[in-house]
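Trainee: First, the structure itself, so that you have it in front of you.
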Amino acid sequence: MNTTAQLSARERINSLLDDNSFVEVGALITRRSTDFNLQQNEVPADGVITGYGVIDGNLVYVYCQDKSALNGTIGEMHAKKIAHIYDLALKVGAPVIGIIDCAGLRLQEATDALDGFGQIYLKQTLASGVIPQITAVLGTCGGGAAVMTSLSDFSFMAKNGAKLFVNSPNAIEGNFTSKLDTATADFQSKSGAVDFILEDDAAVLEAVRDLVSILPSNNEDDASYDECTDDLNRLVPEFSAAIADAAVALEKISDNNYFLEVKAEYAKEMVTGFIRLNGMTVGAIANRTEVLDENGKVTEKFDGSLTTAGCYKAEKFVQLCDSFNIPILTFTNVTGYRATMEEEKSIGIATAKLTYAFANATVPKVNVITGKAYGSAYLTMNSKHIGADLVFALEGAEIGMMDAKLAAQIMYEKDPSAIEAKAAEYAELQSSAVAAAKRGYVDSIIDAASTRKHLIYAYEMLFTKRESRPSKKHGTI
């Protein structure tokens, strides 16, 4: 049996799809150009295999570039084949999966190849928010092909053998590959350009299959559900101990502890990913103050503030969930904004984008305040004030302008002896979950162990939610 390093384009497709389900489209298409001795080169399928098949019974369209045919370079007919696959997918409402292993633009075809790139970009734009687009980088993906990856909804990359770049490392002033290889999976995942990194081709293709199984086929599909084999009333006593690392906490409450984290290596202070509740796919966004390893040991700590990168990460994920009618869950534990010179350049815009994304989303939205919820950073994190349908707070959660002691110090600056007593009074009257609940800003104060069942009941109640908005072409934020 071939190793993953030896998989051909066709073998990659067969590994991705259910057995014997692939149907090729455009097998005989090849290049038309004969410039620069191209007529002497045989280019089977013009360097890309296209067609459709099924993953766990779900229809998908797929294209896979063939490195053995002119290095998988994109020429006129190569691009037309990919564009045609998009046309078919849009007509029937099915995901498109692209497997990239490409040397880039076909130089012999120049402007025709550029036109082809443009056609693909246009199709991806039209498909955005209509059908899921998934790209798996298993070889070289540079220049214009890297834009194709970023135009997708989800991108995967193999650690072994994959390269992703707009400009090659050696083309960046002051850099070279041995100094910093900016094309590696490690670099691209930490920069936020890639959603998932896995060890090799086989692991990537299996992960793509897993993702497809939990996503709807299109923006009008409501089939992203599965039979729940977990106890709907299961208590999670370990939830409170896991709150600091939201990734662990989300896993604890999910059906059978299923959690698929998106952009795990980027902006770790903000967690995004998918869980299952009563078989329903739910998109989760959560603040994180600690990262725990598999042994429960703290490996990283964060100060509980919103960052530019964290906001951008969450904003894109919220938009994706809203586009495909995936309910949204947030765990809020935020103390304010990251206060540095660099953050000050961009945090305002980034926070505005995240605020807009939450407020603009019309899917069911539930928020659980797990710790501190201070100031306008709290408002941004899917608060009731900007449209959350239901807000729960754990016992002991703090909701208000700022830390009670700091507020007392400001208000009673001229009477230091009163600060301690006034801080306690402020905490009770203005910063407690009870105070927020009395004002209607929190719907229920719950025990941490019962979080799972409360969420399941909430999403069952919100299942048929419909919400209309003012007629407009699109927002500007």
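We label chains A, B, ... in the order they appear in the structure tokens, count residues from 1 in each chain, and number ligands from 1 in the order shown.
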At a cut-off of 7 Å, using only C-alpha atoms, what residues contact Asn71 in chain A? Leave out same-chain residues fewer than 5 positions from it and give the result as a list in words.
Mentor: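 My reading of the contact set: Asp66, Cys102 and Ala103 of chain A.
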Trainee: Excluding Lys80 in chain A and its own-chain neighbours fewer than 2 positions away, which residues fall within 10 Å of it when counting only C-alpha atoms? Please give them as a PDB file with C-alpha atoms, in the first residue's frame.
Mentor:
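Generated file (result-v6.pdb):
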ATOM      1  CA  GLY A  26     -14.071  16.730 -17.536  1.00  0.00           C
ATOM      2  CA  ILE A  29     -10.167  18.321 -21.017  1.00  0.00           C
ATOM      3  CA  ILE A  74      -3.050  26.616 -13.235  1.00  0.00           C
ATOM      4  CA  GLY A  75      -3.754  27.426 -16.854  1.00  0.00           C
ATOM      5  CA  GLU A  76      -6.849  28.416 -18.794  1.00  0.00           C
ATOM      6  CA  MET A  77      -8.599  25.018 -18.984  1.00  0.00           C
ATOM      7  CA  HIS A  78      -7.404  23.970 -15.528  1.00  0.00           C
ATOM      8  CA  ILE A  82     -12.558  24.232 -11.227  1.00  0.00           C
ATOM      9  CA  ALA A  83     -15.037  26.995 -12.112  1.00  0.00           C
ATOM     10  CA  HIS A  84     -17.379  24.405 -13.639  1.00  0.00           C
ATOM     11  CA  ILE A  85     -17.293  22.369 -10.436  1.00  0.00           C
ATOM     12  CA  TYR A  86     -18.320  25.486  -8.534  1.00  0.00           C
ATOM     13  CA  ALA A 113      -3.943  31.781 -16.782  1.00  0.00           C
ATOM     14  CA  ASP A 115      -8.099  35.125 -16.456  1.00  0.00           C
ATOM     15  CA  GLY A 116      -8.516  31.614 -15.070  1.00  0.00           C
ATOM     16  CA  PHE A 117      -7.450  32.714 -11.586  1.00  0.00           C
ATOM     17  CA  GLN A 119     -12.754  33.126 -12.736  1.00  0.00           C
ATOM     18  CA  ILE A 120     -11.996  30.963  -9.719  1.00  0.00           C
TER      19      ILE A 120
END
Trainee: Give the strand (DSSP E or B) residues of range 37-173 of chain A, as assigned by DSSP on the backbone, as a short mmCIF file (atom, residue, chain, number, x, y, z; two decimals) with C-alpha atoms, in the first residue's frame.
Mentor:
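Saved file out.cif follows:
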data_model
loop_
_atom_site.label_atom_id
_atom_site.label_comp_id
_atom_site.auth_asym_id
_atom_site.auth_seq_id
_atom_site.Cartn_x
_atom_site.Cartn_y
_atom_site.Cartn_z
CA VAL A 48 -6.47 18.94 -12.16
CA ILE A 49 -8.92 16.12 -11.52
CA THR A 50 -12.48 17.30 -10.90
CA GLY A 51 -15.72 15.56 -10.02
CA TYR A 52 -18.11 14.66 -7.24
CA GLY A 53 -18.71 11.94 -4.68
CA VAL A 54 -19.98 11.44 -1.15
CA ILE A 55 -18.60 11.67 2.39
CA ASN A 58 -23.18 13.65 1.92
CA LEU A 59 -22.69 14.91 -1.63
CA VAL A 60 -19.51 16.96 -2.16
CA TYR A 61 -17.70 18.34 -5.19
CA VAL A 62 -13.94 18.04 -5.30
CA TYR A 63 -10.95 19.13 -7.32
CA CYS A 64 -7.44 17.88 -6.80
CA GLN A 65 -4.40 19.31 -8.56
CA ILE A 74 -3.05 26.62 -13.24
CA VAL A 96 -16.61 22.21 -2.62
CA ILE A 97 -13.35 20.67 -1.44
CA GLY A 98 -10.11 21.71 -3.11
CA ILE A 99 -6.88 19.73 -2.69
CA ILE A 100 -3.96 22.00 -3.54
CA LEU A 105 0.45 30.22 -12.47
CA GLN A 133 -15.69 25.79 0.81
CA ILE A 134 -12.83 23.71 2.15
CA THR A 135 -9.22 23.78 0.98
CA ALA A 136 -6.58 21.21 1.88
CA VAL A 137 -2.97 22.19 1.18
CA THR A 140 2.91 23.77 -2.68
CA CYS A 141 0.34 26.56 -2.57
CA GLY A 142 1.89 29.89 -3.51
CA PHE A 154 -11.88 26.37 6.11
CA SER A 155 -8.28 25.58 5.29
CA PHE A 156 -6.23 22.53 6.21
CA MET A 157 -2.50 22.03 5.89
CA ALA A 158 -0.17 19.07 6.28
CA LYS A 163 4.00 24.98 1.75
CA LEU A 164 1.69 28.00 1.82
CA PHE A 165 2.81 31.50 0.88
#
Trainee: Pick from A:Gly143, A:Gly57, A:Gly174, A:Gly304: nearest to Ser21 in chain A, with only C-alpha atoms counted?
Mentor: A:Gly57
Trainee: Which residue is closest to Thr307 in chain A? Choose from A:Ala373, A:Leu354, A:Val25, A:Val291 and count only C-alpha atoms.
Mentor: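 Nearest to Thr307 in chain A: A:Leu354.
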Trainee: Find the residues around Tyr225 in chain A up to 10 Å (only C-alpha atoms counted), leave out those fewer than 2 positions away in its own chain, and share them as a PyMOL selection string.
Mentor: chain A and resi 213-216+222-223+227-228+276-282
Trainee: Quick one: distance from CA of Asp200 in chain A to CA of Asp226 in chain A in Å, one decimal?
Mentor: 28.3 Å
Trainee: If we count only C-alpha atoms, what is near Thr380 in chain A at a cut-off of 10 Å, once residues fewer than 5 positions away on the same chain are taken out, given as an MDAnalysis selection string?
Mentor: chainID A and resid 306 311 332 334 351:359 375 385:386
Trainee: Could you turn the residues from that selection into a file that holds N, CA and C atoms, as a PDB file, in the first residue's frame?
Mentor:
ATOM      1  N   LEU A 306      -9.631  41.322  25.724  1.00  0.00           N
ATOM      2  CA  LEU A 306      -9.839  41.150  24.293  1.00  0.00           C
ATOM      3  C   LEU A 306      -8.621  41.669  23.540  1.00  0.00           C
ATOM      4  N   CYS A 311     -10.312  39.098  18.441  1.00  0.00           N
ATOM      5  CA  CYS A 311     -11.550  39.639  17.886  1.00  0.00           C
ATOM      6  C   CYS A 311     -11.730  39.251  16.425  1.00  0.00           C
ATOM      7  N   THR A 332     -18.356  33.841  28.237  1.00  0.00           N
ATOM      8  CA  THR A 332     -17.771  35.163  28.460  1.00  0.00           C
ATOM      9  C   THR A 332     -16.995  35.195  29.774  1.00  0.00           C
ATOM     10  N   VAL A 334     -14.236  38.084  30.480  1.00  0.00           N
ATOM     11  CA  VAL A 334     -13.408  39.147  29.911  1.00  0.00           C
ATOM     12  C   VAL A 334     -13.355  40.353  30.846  1.00  0.00           C
ATOM     13  N   THR A 351     -12.640  45.270  17.643  1.00  0.00           N
ATOM     14  CA  THR A 351     -13.776  45.091  18.552  1.00  0.00           C
ATOM     15  C   THR A 351     -15.076  45.483  17.878  1.00  0.00           C
ATOM     16  N   ALA A 352     -15.033  46.550  17.079  1.00  0.00           N
ATOM     17  CA  ALA A 352     -16.231  46.968  16.348  1.00  0.00           C
ATOM     18  C   ALA A 352     -16.703  45.862  15.406  1.00  0.00           C
ATOM     19  N   LYS A 353     -15.764  45.208  14.743  1.00  0.00           N
ATOM     20  CA  LYS A 353     -16.120  44.129  13.820  1.00  0.00           C
ATOM     21  C   LYS A 353     -16.752  42.954  14.559  1.00  0.00           C
ATOM     22  N   LEU A 354     -16.208  42.607  15.721  1.00  0.00           N
ATOM     23  CA  LEU A 354     -16.776  41.498  16.479  1.00  0.00           C
ATOM     24  C   LEU A 354     -18.147  41.874  17.037  1.00  0.00           C
ATOM     25  N   THR A 355     -18.280  43.098  17.536  1.00  0.00           N
ATOM     26  CA  THR A 355     -19.575  43.564  18.037  1.00  0.00           C
ATOM     27  C   THR A 355     -20.621  43.492  16.933  1.00  0.00           C
ATOM     28  N   TYR A 356     -20.245  43.960  15.754  1.00  0.00           N
ATOM     29  CA  TYR A 356     -21.168  43.945  14.615  1.00  0.00           C
ATOM     30  C   TYR A 356     -21.549  42.516  14.242  1.00  0.00           C
ATOM     31  N   ALA A 357     -20.563  41.613  14.238  1.00  0.00           N
ATOM     32  CA  ALA A 357     -20.827  40.227  13.850  1.00  0.00           C
ATOM     33  C   ALA A 357     -21.854  39.586  14.772  1.00  0.00           C
ATOM     34  N   PHE A 358     -21.679  39.767  16.091  1.00  0.00           N
ATOM     35  CA  PHE A 358     -22.639  39.202  17.041  1.00  0.00           C
ATOM     36  C   PHE A 358     -24.010  39.859  16.893  1.00  0.00           C
ATOM     37  N   ALA A 359     -24.041  41.178  16.837  1.00  0.00           N
ATOM     38  CA  ALA A 359     -25.313  41.898  16.765  1.00  0.00           C
ATOM     39  C   ALA A 359     -26.048  41.601  15.463  1.00  0.00           C
ATOM     40  N   GLY A 375     -17.181  45.980  31.597  1.00  0.00           N
ATOM     41  CA  GLY A 375     -17.121  47.072  30.645  1.00  0.00           C
ATOM     42  C   GLY A 375     -17.666  46.748  29.271  1.00  0.00           C
ATOM     43  N   HIS A 385     -27.443  42.862  25.610  1.00  0.00           N
ATOM     44  CA  HIS A 385     -27.580  44.243  25.143  1.00  0.00           C
ATOM     45  C   HIS A 385     -27.413  44.359  23.632  1.00  0.00           C
ATOM     46  N   ILE A 386     -26.703  43.440  22.993  1.00  0.00           N
ATOM     47  CA  ILE A 386     -26.528  43.495  21.537  1.00  0.00           C
ATOM     48  C   ILE A 386     -27.225  42.316  20.845  1.00  0.00           C
TER      49      ILE A 386
END
Trainee: In Å, with one decimal, what is the gap from CA of Ala458 in chain A to CA of Ile369 in chain A?
Mentor: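 Interatomic distance here is 15.0 Å.
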Trainee: When you count only C-alpha atoms, which of these residues is closest to Arg12 in chain A: A:Val208, A:Met411, A:Val248, A:Ala361?
Mentor: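 Of A:Val208, A:Met411, A:Val248, A:Ala361, the one nearest Arg12 in chain A, counting only C-alpha atoms, is A:Val208.
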Trainee: Could you tell me which of A:Ala421, A:Gly396, A:Glu251, A:Met341 comes closest to Gln409 in chain A if we count only C-alpha atoms?
Mentor: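 Ranked by minimum distance to Gln409 in chain A, first place goes to A:Ala421.
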Trainee: Considering only C-alpha atoms, state which residue in the set A:Pro416, A:Gly129, A:Gly192, A:Gly475 is at the smallest distance from Ser150 in chain A.
Mentor: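 Closest to Ser150 in chain A, using only C-alpha atoms: A:Gly192.
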Trainee: To test your reading of the structure, identify every residue in range 128-252 of chain A that backbone DSSP assigns to alpha helix (DSSP H), and report it as a PyMOL selection string.
Mentor: chain A and resi 144-151+185-190+201-214+239-242+246-252
Trainee: Show me, as a VMD selection string, the residues that have an atom within 10 Å of Ala246 in chain A when counting only C-alpha atoms, minus same-chain residues fewer than 3 positions from it.
Mentor: chain A and resid 239 242 to 243 249 to 252 269 to 272 284 to 292 330 to 333 370
Trainee: Write out as number ranges by chain each polymer residue whose atoms come within 12 Å of Tyr457 in chain A, counting only C-alpha atoms; drop sequence neighbours fewer than 2 positions from it.
Mentor: A: 232-233, 277-278, 280, 366, 390, 450-455, 459-463
Trainee: Report the distance between CA of Ala393 in chain A and CA of Ser444 in chain A in Å, rounded to one decimal place.
Mentor: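 If I compute the distance from CA of Ala393 in chain A to CA of Ser444 in chain A, I get 6.5 Å.
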Trainee: Restricting the calculation to only C-alpha atoms: of A:Lys372, A:Lys472, A:Lys67, A:Arg234, which residue gets closest to Ser432 in chain A?
Mentor: A:Lys372
